[in-house]
file target10.txt (compact mmCIF, C-alpha atoms)
# COMPACT_ATOMS: atom_id res chain seq x y z
CA MET P 1 -42.35 -0.63 81.24
CA ARG P 2 -45.28 0.17 79.12
CA LEU P 3 -45.18 -0.48 75.38
CA SER P 4 -47.68 1.32 73.31
CA THR P 5 -49.33 -0.34 70.37
CA ALA P 6 -47.69 2.18 68.03
CA SER P 7 -44.27 1.42 69.48
CA MET P 8 -44.69 -2.32 69.01
CA PHE P 9 -45.86 -1.86 65.46
CA SER P 10 -42.96 0.49 64.68
CA THR P 11 -40.37 -1.86 66.19
CA SER P 12 -41.74 -4.89 64.38
CA LEU P 13 -41.93 -3.00 61.09
CA SER P 14 -38.31 -1.81 61.42
CA ALA P 15 -37.19 -5.36 62.11
CA MET P 16 -38.97 -6.67 59.01
CA LEU P 17 -37.64 -3.88 56.80
CA ASN P 18 -34.12 -4.46 58.09
CA GLN P 19 -34.30 -8.16 57.33
CA GLN P 20 -35.90 -7.41 53.95
CA SER P 21 -33.03 -5.02 53.13
CA LYS P 22 -30.41 -7.60 54.07
CA LEU P 23 -32.19 -10.24 51.99
CA THR P 24 -32.34 -7.84 49.03
CA ASP P 25 -28.59 -7.14 49.34
CA VAL P 26 -27.79 -10.84 49.22
CA SER P 27 -30.21 -11.31 46.30
CA LEU P 28 -28.45 -8.48 44.40
CA GLN P 29 -25.07 -10.07 45.06
CA MET P 30 -26.29 -13.41 43.75
CA SER P 31 -27.84 -11.87 40.64
CA THR P 32 -24.67 -9.90 39.75
CA GLY P 33 -22.16 -12.51 40.92
CA ARG P 34 -20.37 -9.76 42.84
CA ARG P 35 -19.68 -9.63 46.55
CA VAL P 36 -18.90 -5.92 46.33
CA VAL P 37 -21.72 -4.30 44.38
CA THR P 38 -21.30 -0.82 45.83
CA ALA P 39 -18.34 0.75 47.60
CA SER P 40 -20.24 0.63 50.90
CA ASP P 41 -20.28 -3.19 50.76
CA ASP P 42 -16.50 -3.27 51.41
CA PRO P 43 -14.73 0.11 51.08
CA SER P 44 -11.24 -1.38 51.28
CA ALA P 45 -11.92 -4.06 48.67
CA ALA P 46 -13.69 -1.55 46.42
CA SER P 47 -10.66 0.77 46.52
CA GLN P 48 -8.23 -2.04 45.73
CA ALA P 49 -10.54 -3.32 42.99
CA LEU P 50 -10.51 0.11 41.32
CA ILE P 51 -6.70 0.13 41.23
CA THR P 52 -6.65 -3.45 39.93
CA ARG P 53 -9.15 -2.59 37.17
CA GLN P 54 -6.97 0.32 36.08
CA SER P 55 -3.93 -1.94 35.93
CA LEU P 56 -5.94 -4.53 34.00
CA SER P 57 -7.10 -1.87 31.53
CA GLU P 58 -3.51 -0.67 31.02
CA THR P 59 -2.38 -4.26 30.46
CA LYS P 60 -5.06 -4.67 27.78
CA GLN P 61 -3.96 -1.45 26.05
CA TYR P 62 -0.37 -2.70 25.89
CA ALA P 63 -1.63 -6.05 24.55
CA ASP P 64 -3.52 -4.20 21.79
CA ALA P 65 -0.37 -2.19 21.01
CA ARG P 66 1.65 -5.40 20.73
CA THR P 67 -0.94 -6.83 18.35
CA THR P 68 -0.57 -3.75 16.14
CA MET P 69 3.21 -3.95 16.45
CA THR P 70 3.19 -7.61 15.37
CA GLN P 71 1.07 -6.74 12.35
CA ASN P 72 3.41 -3.88 11.40
CA MET P 73 6.53 -5.99 11.70
CA ALA P 74 4.92 -8.85 9.77
CA LEU P 75 4.14 -6.38 6.99
CA GLU P 76 7.71 -5.04 6.97
CA GLU P 77 9.11 -8.58 6.99
CA THR P 78 6.97 -9.45 3.95
CA ILE P 79 8.23 -6.37 2.08
CA LEU P 80 11.85 -7.01 3.04
CA ASN P 81 11.51 -10.59 1.86
CA SER P 82 10.39 -9.27 -1.54
CA VAL P 83 13.29 -6.79 -1.56
CA THR P 84 15.70 -9.65 -0.82
CA SER P 85 14.32 -11.69 -3.71
CA ALA P 86 14.57 -8.68 -6.04
CA ILE P 87 18.22 -8.05 -5.12
CA GLN P 88 19.13 -11.71 -5.63
CA SER P 89 17.41 -11.67 -9.00
CA ALA P 90 19.36 -8.54 -9.94
CA GLN P 91 22.62 -10.22 -8.90
CA ASP P 92 21.87 -13.12 -11.23
CA LYS P 93 21.24 -10.67 -14.07
CA LEU P 94 24.54 -8.88 -13.31
CA VAL P 95 26.41 -12.16 -13.71
CA GLN P 96 24.67 -12.76 -17.06
CA ALA P 97 25.44 -9.22 -18.21
CA GLY P 98 29.15 -9.81 -17.64
CA ASN P 99 29.21 -12.44 -20.39
CA GLY P 100 31.42 -10.95 -23.10
CA THR P 101 29.69 -12.91 -25.86
CA LEU P 102 26.37 -11.09 -25.46
CA SER P 103 25.15 -8.92 -28.32
CA ASP P 104 23.64 -5.47 -27.88
CA SER P 105 20.15 -6.96 -28.26
CA ASP P 106 20.94 -9.51 -25.55
CA ARG P 107 22.09 -6.75 -23.24
CA LEU P 108 18.99 -4.72 -24.08
CA SER P 109 16.83 -7.66 -23.02
CA LEU P 110 18.73 -7.82 -19.75
CA ALA P 111 18.28 -4.06 -19.37
CA THR P 112 14.52 -4.51 -19.71
CA ALA P 113 14.56 -7.22 -17.04
CA MET P 114 16.74 -5.10 -14.76
CA ASP P 115 14.44 -2.09 -15.25
CA SER P 116 11.53 -4.24 -14.13
CA ILE P 117 13.45 -5.11 -10.94
CA TYR P 118 14.30 -1.43 -10.50
CA GLN P 119 10.62 -0.44 -10.75
CA GLU P 120 9.71 -3.23 -8.32
CA LEU P 121 12.22 -1.97 -5.75
CA VAL P 122 10.93 1.61 -6.08
CA GLY P 123 7.41 0.32 -5.49
CA LEU P 124 8.49 -1.71 -2.46
CA ALA P 125 10.41 1.25 -1.03
CA ASN P 126 7.24 3.36 -1.34
CA SER P 127 4.94 0.77 0.27
CA THR P 128 2.02 1.89 2.43
CA ASP P 129 0.03 0.32 5.22
CA GLY P 130 -3.72 -0.26 5.13
CA ASN P 131 -4.37 3.37 6.07
CA GLY P 132 -2.32 4.92 3.26
CA ASN P 133 0.68 5.81 5.44
CA TYR P 134 4.12 5.25 3.93
CA LEU P 135 6.12 2.67 5.85
CA PHE P 136 9.66 3.84 5.16
CA SER P 137 9.35 7.64 5.47
CA GLY P 138 10.40 7.73 9.10
CA SER P 139 8.08 10.08 10.97
CA GLN P 140 6.93 11.71 7.70
CA THR P 141 4.30 9.06 7.01
CA GLY P 142 2.42 11.27 4.56
CA THR P 143 5.50 11.85 2.36
CA VAL P 144 6.54 9.50 -0.45
CA PRO P 145 9.84 8.02 0.79
CA PHE P 146 11.65 7.90 -2.57
CA GLY P 147 10.80 10.52 -5.18
CA THR P 148 11.90 10.14 -8.79
CA ASN P 149 14.38 12.68 -10.16
CA ALA P 150 14.52 13.98 -13.73
CA ASP P 151 17.28 11.49 -14.65
CA GLY P 152 15.22 8.53 -13.40
CA THR P 153 17.11 8.04 -10.15
CA VAL P 154 15.39 8.31 -6.78
CA SER P 155 16.08 10.47 -3.74
CA TYR P 156 14.98 9.89 -0.18
CA GLN P 157 12.41 12.47 0.94
CA GLY P 158 11.51 11.23 4.41
CA ASP P 159 13.53 11.59 7.59
CA ASN P 160 15.62 9.19 9.65
CA ASN P 161 13.32 9.26 12.68
CA GLN P 162 11.87 5.86 13.48
CA GLN P 163 8.25 5.35 14.48
CA PHE P 164 8.02 4.13 18.07
CA MET P 165 5.15 2.36 19.82
CA LYS P 166 4.88 1.77 23.56
CA VAL P 167 4.36 -1.98 23.93
CA ASP P 168 4.87 -2.29 27.68
CA ALA P 169 5.17 -0.05 30.70
CA SER P 170 8.94 0.25 30.31
CA ARG P 171 9.43 -0.60 26.61
CA SER P 172 8.95 1.45 23.45
CA MET P 173 9.79 -0.31 20.20
CA GLU P 174 10.52 0.74 16.62
CA SER P 175 7.46 0.08 14.47
CA PHE P 176 9.02 0.54 11.01
CA ASP P 177 12.58 1.18 9.84
CA SER P 178 13.31 4.29 7.82
CA GLY P 179 14.05 4.13 4.11
CA LEU P 180 17.60 5.30 4.73
CA ASP P 181 18.25 2.37 7.05
CA VAL P 182 16.84 -0.16 4.58
CA PHE P 183 17.72 1.11 1.09
CA SER P 184 20.61 3.54 1.61
CA SER P 185 22.82 2.07 4.32
CA ILE P 186 25.51 -0.57 4.69
CA THR P 187 26.62 -2.83 7.50
CA ALA P 188 29.82 -2.31 9.45
CA GLY P 189 31.37 -5.24 7.56
CA ALA P 190 30.48 -3.92 4.09
CA LYS P 191 33.00 -4.48 1.33
CA PHE P 192 34.94 -1.69 -0.37
CA VAL P 193 33.54 -0.43 -3.67
CA ALA P 194 35.74 0.61 -6.60
CA ARG P 195 34.48 3.08 -9.21
CA ALA P 196 35.78 4.19 -12.57
CA GLU P 197 35.48 7.89 -13.23
CA ASP P 198 32.94 8.83 -15.91
CA SER P 199 35.62 10.79 -17.74
CA ASN P 200 37.89 7.75 -18.24
CA ALA P 201 38.85 7.42 -21.93
CA GLY P 202 40.99 4.26 -21.79
CA THR P 203 40.19 0.56 -21.74
CA ALA P 204 41.38 -0.16 -18.20
CA THR P 205 39.10 -2.38 -16.16
CA PHE P 206 39.27 -3.43 -12.53
CA THR P 207 38.31 -6.40 -10.39
CA GLY P 208 37.86 -6.14 -6.64
CA PRO P 209 39.18 -4.71 -4.45
CA SER P 210 40.04 -7.50 -2.06
CA VAL P 211 41.41 -7.16 1.47
CA SER P 212 45.08 -8.09 1.69
CA ASN P 213 45.96 -6.72 5.14
CA SER P 214 43.24 -5.35 7.42
CA ALA P 215 45.92 -4.45 9.98
CA ASP P 216 47.43 -1.85 7.64
CA ALA P 217 47.58 1.60 9.22
CA GLU P 218 45.67 3.12 6.27
CA TYR P 219 43.03 0.41 6.11
CA GLY P 220 39.53 1.91 5.94
CA ASN P 221 40.60 5.16 4.24
CA ASP P 222 39.35 6.37 0.85
CA PHE P 223 41.74 6.16 -2.10
CA SER P 224 42.12 7.30 -5.69
CA ILE P 225 44.36 5.62 -8.27
CA ALA P 226 45.41 7.99 -11.05
CA PHE P 227 47.22 6.97 -14.25
CA GLN P 228 49.76 9.00 -16.18
CA ASN P 229 50.96 8.43 -19.76
CA ASP P 230 54.13 10.17 -20.94
CA GLY P 231 53.08 9.77 -24.60
CA ALA P 232 55.83 7.25 -25.31
CA GLY P 233 53.90 4.26 -24.05
CA ASN P 234 55.13 4.51 -20.49
CA ILE P 235 52.18 4.37 -18.10
CA THR P 236 52.55 4.98 -14.38
CA TYR P 237 50.11 5.26 -11.52
CA SER P 238 50.04 6.97 -8.18
CA VAL P 239 47.76 6.29 -5.20
CA GLU P 240 46.26 9.20 -3.31
CA ASN P 241 44.98 8.64 0.21
CA LEU P 242 41.93 10.92 0.08
CA THR P 243 41.38 10.63 3.82
CA ALA P 244 44.94 11.50 4.88
CA GLY P 245 45.70 13.80 1.94
CA THR P 246 48.90 11.97 0.92
CA THR P 247 50.01 10.69 -2.51
CA THR P 248 52.55 8.01 -3.39
CA SER P 249 55.26 8.51 -5.95
CA PRO P 250 54.47 7.25 -9.51
CA GLN P 251 54.90 3.50 -10.05
CA PRO P 252 55.18 1.64 -13.39
CA TYR P 253 51.87 0.12 -14.49
CA THR P 254 51.66 -3.40 -15.92
CA PRO P 255 48.34 -4.63 -17.39
CA GLY P 256 46.88 -7.49 -15.36
CA SER P 257 48.83 -6.56 -12.23
CA GLN P 258 47.66 -6.11 -8.66
CA ILE P 259 47.82 -2.60 -7.25
CA THR P 260 48.09 -2.66 -3.46
CA PHE P 261 47.35 0.21 -1.07
CA GLY P 262 45.97 0.65 2.43
CA GLY P 263 45.62 -3.07 3.06
CA LEU P 264 43.66 -3.53 -0.19
CA SER P 265 44.48 -5.06 -3.55
CA LEU P 266 42.88 -4.04 -6.86
CA ALA P 267 43.42 -6.06 -10.04
CA VAL P 268 43.67 -3.76 -13.07
CA ASP P 269 43.83 -4.79 -16.73
CA GLY P 270 43.70 -2.97 -20.05
CA THR P 271 45.29 0.29 -21.12
CA PRO P 272 44.36 3.47 -19.28
CA GLU P 273 44.64 6.89 -20.86
CA ASP P 274 46.47 9.76 -19.28
CA GLY P 275 44.27 11.17 -16.49
CA ASP P 276 42.11 8.07 -16.05
CA SER P 277 41.44 7.13 -12.45
CA PHE P 278 39.67 4.71 -10.15
CA SER P 279 38.38 5.49 -6.67
CA VAL P 280 38.06 2.99 -3.83
CA ALA P 281 36.06 3.61 -0.67
CA ARG P 282 33.54 2.13 1.71
CA GLY P 283 30.36 3.84 2.82
CA ARG P 284 30.14 6.59 0.22
CA GLU P 285 26.61 7.92 -0.16
CA GLN P 286 26.49 7.20 -3.90
CA ASP P 287 27.51 3.59 -3.26
CA ASN P 288 24.85 2.84 -0.66
CA ASN P 289 21.59 3.34 -2.57
CA PHE P 290 21.25 0.04 -4.45
CA ILE P 291 18.04 1.22 -6.14
CA ASN P 292 20.00 3.88 -8.03
CA THR P 293 22.71 1.30 -8.66
CA LEU P 294 20.22 -0.70 -10.71
CA LYS P 295 19.21 2.43 -12.63
CA GLY P 296 22.86 2.94 -13.58
CA VAL P 297 23.14 -0.67 -14.75
CA VAL P 298 19.98 -0.33 -16.86
CA ASP P 299 21.42 2.77 -18.56
CA ALA P 300 24.77 1.05 -19.16
CA LEU P 301 23.18 -2.07 -20.66
CA SER P 302 20.99 0.05 -22.90
CA THR P 303 24.07 1.70 -24.49
CA GLU P 304 25.67 0.20 -27.58
CA GLN P 305 28.95 -1.54 -26.82
CA ASN P 306 30.69 -1.05 -30.18
CA THR P 307 34.09 0.12 -28.92
CA ASP P 308 36.67 -1.20 -26.50
CA VAL P 309 36.23 1.92 -24.35
CA ALA P 310 32.46 1.36 -24.11
CA ARG P 311 32.97 -2.27 -23.21
CA ALA P 312 35.47 -1.29 -20.51
CA ARG P 313 33.00 1.19 -19.05
CA LEU P 314 30.29 -1.48 -18.95
CA SER P 315 32.65 -3.94 -17.29
CA ASN P 316 33.58 -1.42 -14.60
CA THR P 317 29.93 -0.46 -14.07
CA LEU P 318 28.98 -4.10 -13.60
CA SER P 319 31.89 -4.71 -11.23
CA SER P 320 30.91 -1.74 -9.05
CA ALA P 321 27.23 -2.67 -9.16
CA SER P 322 27.94 -6.25 -8.14
CA ARG P 323 29.77 -5.08 -5.02
CA GLN P 324 27.09 -2.48 -4.22
CA MET P 325 24.25 -4.99 -4.57
CA SER P 326 26.12 -7.41 -2.32
CA ASN P 327 26.50 -4.69 0.32
CA GLY P 328 22.83 -3.77 -0.09
CA LEU P 329 21.74 -7.38 0.35
CA ASP P 330 23.80 -7.74 3.52
CA ASN P 331 22.18 -4.60 4.91
CA VAL P 332 18.63 -5.73 4.08
CA LEU P 333 19.31 -9.08 5.72
CA THR P 334 20.61 -7.24 8.80
CA VAL P 335 17.41 -5.17 8.97
CA ARG P 336 15.33 -8.35 8.57
CA SER P 337 17.27 -9.87 11.45
CA SER P 338 16.44 -6.82 13.55
CA VAL P 339 12.75 -7.15 12.67
CA GLY P 340 12.85 -10.82 13.65
CA ALA P 341 14.49 -10.00 16.97
CA ARG P 342 11.78 -7.44 17.71
CA MET P 343 9.06 -9.93 16.84
CA ASN P 344 10.60 -12.40 19.27
CA GLU P 345 10.71 -9.73 21.96
CA VAL P 346 7.04 -8.91 21.37
CA ASP P 347 6.22 -12.61 21.80
CA VAL P 348 8.07 -12.62 25.13
CA LEU P 349 6.28 -9.44 26.23
CA ASP P 350 2.97 -11.03 25.20
CA THR P 351 3.67 -14.01 27.41
CA ILE P 352 4.58 -11.77 30.33
CA GLY P 353 1.55 -9.57 29.65
CA GLY P 354 -0.72 -12.62 29.57
CA ASP P 355 0.59 -13.78 32.93
CA ARG P 356 0.16 -10.28 34.33
CA LYS P 357 -3.41 -10.10 33.03
CA LEU P 358 -4.20 -13.44 34.65
CA ALA P 359 -2.74 -12.27 37.95
CA TYR P 360 -4.79 -9.05 37.87
CA THR P 361 -7.93 -11.00 36.93
CA ASP P 362 -7.42 -13.40 39.83
CA ARG P 363 -6.75 -10.50 42.18
CA LEU P 364 -9.91 -8.70 41.07
CA SER P 365 -11.94 -11.86 41.42
CA SER P 366 -10.71 -12.41 44.97
CA LEU P 367 -11.69 -8.83 45.85
CA VAL P 368 -15.19 -8.52 44.39
CA ASP P 369 -16.46 -11.89 43.11
CA LEU P 370 -19.08 -13.77 45.07
CA ASP P 371 -18.67 -17.10 46.83
CA TYR P 372 -21.99 -18.65 45.81
CA ALA P 373 -21.93 -21.37 48.49
CA GLU P 374 -21.50 -18.76 51.17
CA ALA P 375 -24.04 -16.45 49.53
CA ILE P 376 -26.70 -19.18 49.31
CA SER P 377 -26.17 -19.98 52.98
CA GLU P 378 -26.42 -16.29 53.81
CA TYR P 379 -29.54 -15.93 51.67
CA THR P 380 -31.21 -18.82 53.44
CA LEU P 381 -30.29 -17.33 56.80
CA LYS P 382 -31.65 -13.89 55.86
CA GLN P 383 -34.81 -15.44 54.46
CA THR P 384 -35.35 -17.33 57.71
CA SER P 385 -34.72 -14.19 59.73
CA LEU P 386 -37.25 -12.28 57.61
CA GLU P 387 -39.86 -14.99 58.03
CA ALA P 388 -39.24 -14.96 61.79
CA ALA P 389 -39.67 -11.21 61.89
CA GLN P 390 -42.86 -11.43 59.90
CA LYS P 391 -44.23 -14.17 62.16
CA THR P 392 -43.31 -12.18 65.25
CA PHE P 393 -45.09 -9.14 63.87
CA SER P 394 -48.13 -11.28 63.15
CA GLN P 395 -48.17 -12.50 66.74
CA VAL P 396 -47.56 -9.08 68.24
CA GLN P 397 -50.39 -7.44 66.36
CA ARG P 398 -52.80 -9.88 68.03
CA MET P 399 -51.75 -8.79 71.50
CA SER P 400 -54.60 -6.41 72.30
CA LEU P 401 -56.58 -5.89 75.54
CA PHE P 402 -59.72 -5.75 73.49
CA ASP P 403 -59.31 -9.50 72.88
CA LEU P 404 -59.71 -10.04 76.68
CA ILE P 405 -62.88 -8.03 77.12
call {"tool": "encode", "arguments": {"input": "target10.txt", "output": "structure tokens"}}
result
Amino acid sequence: MRLSTASMFSTSLSAMLNQQSKLTDVSLQMSTGRRVVTASDDPSAASQALITRQSLSETKQYADARTTMTQNMALEETILNSVTSAIQSAQDKLVQAGNGTLSDSDRLSLATAMDSIYQELVGLANSTDGNGNYLFSGSQTGTVPFGTNADGTVSYQGDNNQQFMKVDASRSMESFDSGLDVFSSITAGAKFVARAEDSNAGTATFTGPSVSNSADAEYGNDFSIAFQNDGAGNITYSVENLTAGTTTSPQPYTPGSQITFGGLSLAVDGTPEDGDSFSVARGREQDNNFINTLKGVVDALSTEQNTDVARARLSNTLSSASRQMSNGLDNVLTVRSSVGARMNEVDVLDTIGGDRKLAYTDRLSSLVDLDYAEAISEYTLKQTSLEAAQKTFSQVQRMSLFDLI
């Protein structure tokens, strides 16, 4: 078979270019540290690597979300810790205010201290994050959670929708609790709260109520204790079950006695006027907002206590407030416990996410990363092949009949 000079040159050139291309591919792999630089290098590995990179990116996004979640919960925990301290301080002041030897000026000083705590709680309830969003407004992050009314009390203006953040593929978690859940709720085990009606004109005061029989059929209902005076010094009382709509027959009243009803016992002292009444319930809306409870105590302490009736009203106000603040504290502690549980869960998810990220990273490395020992060996082989091709071409180009003439 005859081989033309052009054919030999073309074949030799193709061989050199082919070896040069292979050497360049290996050089590119070594410079990038990747075995799969383009999809054509290993289509199957490139496809699997793409899926793995997407999973790795999603894992990172969830990790970033958990970091934000941890920061949010740490901020809420700090605020709730301050709220707890404020409530405990208010409880101490309530005990001091119950001292019957205090003068009006002493009570006014306590009112000033209690007003400071009240203002602190309003500020904490209206806390914002670093971006100016209100923490406790539910989903209404641009709305002030607790607005001030004309009488100085506050009303919740947000909603009860919690902010959720997706922290893992199958887990969305509450970012912040709503203001209703923190400042206007009670736990299932909250104590009953007794209240004296504002219209009471007598000197009757109450203590309690305490639970005497939780198995009573009427336990958990709302009650009202009404007093009647026949004008001759005979005072009776009747208990109305507000939930069931039933009323007991009148019973003689004795100052300092225990009035029992619905598994509860209320100690009553002093002399009530005709028409005076106390109500006892658990979970009433007006009993749950401990911020407004403090406002009521401030107003009561700021009023002169120069009559027995005024002193009885203050005593009843303090008794109700003490129970309400206790319920409020229990609720805040419950919310703090929930925040702590979520923080622990985020830590667990972080650990799982870290392991998942490591697994994806290892998987991606096994698919596309270069084995340098193998690549160096391959590079040396390709370099030798190129040199052989070049040497062959050099020898072939000398094979000419003109050299034999």
call {"tool": "atom_distance", "arguments": {"input": "target10.txt", "atom1": "atom CA of Glu345 of chain P", "atom2": "atom CA of Thr143 of chain P"}}
result
29.6 Å
call {"tool": "atom_distance", "arguments": {"input": "target10.txt", "atom1": "atom CA of Val193 of chain P", "atom2": "atom CA of Arg284 of chain P"}}
result
8.7 Å
call {"tool": "closest_residue", "arguments": {"input": "target10.txt", "among": "P:Ala169, P:Gly130, P:Arg107, P:Leu294", "to": "Ala63 of chain P", "atoms": "all atoms listed in the file"}}
result
P:Ala169
call {"tool": "closest_residue", "arguments": {"input": "target10.txt", "among": "P:Ser315, P:Thr236, P:Thr52, P:Ser175", "to": "Leu75 of chain P", "atoms": "only C-alpha atoms"}}
result
P:Ser175
call {"tool": "atom_distance", "arguments": {"input": "target10.txt", "atom1": "atom CA of Glu218 of chain P", "atom2": "atom CA of Leu329 of chain P"}}
result
26.8 Å
call {"tool": "residues_near_point", "arguments": {"input": "target10.txt", "point": "(4.5, 1.7, 25.7)", "cutoff": "10 Å", "atoms": "all atoms listed in the file", "output": "JSON, numbers by chain"}}
result
{"P": [58, 61, 62, 63, 65, 66, 164, 165, 166, 167, 168, 169, 170, 171, 172, 173]}
call {"tool": "residues_around", "arguments": {"input": "target10.txt", "residues": "Val83 of chain P", "least_positions_apart": "4", "cutoff": "10 Å", "atoms": "all atoms listed in the file", "output": "list in words"}}
result
Glu77, Thr78, Ile79, Ile87, Gln88, Ser89, Ile117, Glu120, Leu121, Val122, Leu124, Ala125, Val182, Phe183, Leu329, Val332 and Leu333 of chain P
